[in-house]
Amino acid sequence: MSEKGEVDLTGAKQNTGVWLVKVPKYLSQQWAKASGRGEVGKLRICKKGNQGKPEVSFTLNEELTVIEGIEDKTVSAPRDHPFTMQSVGGQTLAVFTETSSAESRGQSEERSDGTSSGSGSGAGPDKIALEGVVVQRAECRPAVNESYMKLKRLQIEESSKPTRLSKQLKNAVTNNYKPVANHEYNREYERKKKEEGKRARADKQQVLDMLFSAFEKHQYYNVKDLVDITKQPVIYLKEILRDIGIYNVKGTHKNTWELKPEYRHYQSEEKIDD
């Protein structure tokens with residue numbers, strides 16, 4: 001947040017009264033388009049009789065009535081805007097303005113005699129001024145006519161449009177991946193599953209011979225390697241392994257099988273070597 005300076009209370013000292021007026025969004029957007037002196041329209045205040053309330057209306061300049069960009073169409077904004085007057089309601093409201101230090105410095109850097117002021121290039125605090133106290137509240141409403149109803153109808157249609165629309169393509173998109181009925185890894189999984197189901201159970205003694213032969217080479221095997229060696233179904237192979245082997249659930253050789261001590265022929269060979 002920028003540094004704030006002292007508040008200029010000139011407006012309060014002069015007892016300046018201001019109006020707080022609520023205007024439609026489209027009207028403030030049209031005001032922002034004003035060029036030149038920034039004139040946006042004319043304010044008309046008339047009073048009927050001595051006791052009657054003043055009638056206030058605002059007329060928008062004709063060159064600011066063109067609204068573009070609604071459904072790619074050009075719409076005319078209503079020009080006449082009568083005011084609905086409201087009381088302040090016991091509230092104390094004030095209007096402040098804030099001028100950045102760069103703007104105020106740019107206005108004071110050059111004097112009338114052509115010499116520069118001594119403000120320097122450093123950024124000073126922003127200038128805040130009290131413009132006045134709110135003495136009247138009002139609401140600026142457009143006159144209900146054909147141009148206003150057309151504007152509102154287009155605004156409602158524009159706001160109700162979905163942000164995303166589906167579009168049917170005439171030609172197939174060839175630079176993207178095309179959908180496939182089944183992916184390669186799914187087919188590979190199904191193929192392995194079928195092969196697993198087709199494996200026939202061999203004679204138990206034949207499977208034991210293959211297991212003993214494998215354990216003569218290595219002491220520890222996981223069940224996947226033993227399935228590849230014996231070509232037997234997993235359930236059938238585990239039934240045989242429970243008879244001759246031990247399943248390690250912890251330690252260095254976790255989740256592996258090894259032969260029971262009475263079947264470890266390599267141990268006896270190691271003792272003979274010793």
# chains A, B, ... in the order shown; residues from 1 in each chain; ligands from 1
>>> closest_atom_pairs(of="region 131-175 of chain A", to="region 63-66 of chain A", cutoff="12 Å", atoms="only C-alpha atoms", output="CSV")
residue,atom,partner,partner_atom,distance
A:Ser147,CA,A:Thr65,CA,10.2
A:Tyr148,CA,A:Thr65,CA,11.0
A:Leu151,CA,A:Val66,CA,10.9
>>> atom_distance(atom1="CA of Arg44 (chain A)", atom2="CA of Ala138 (chain A)")
13.9 Å
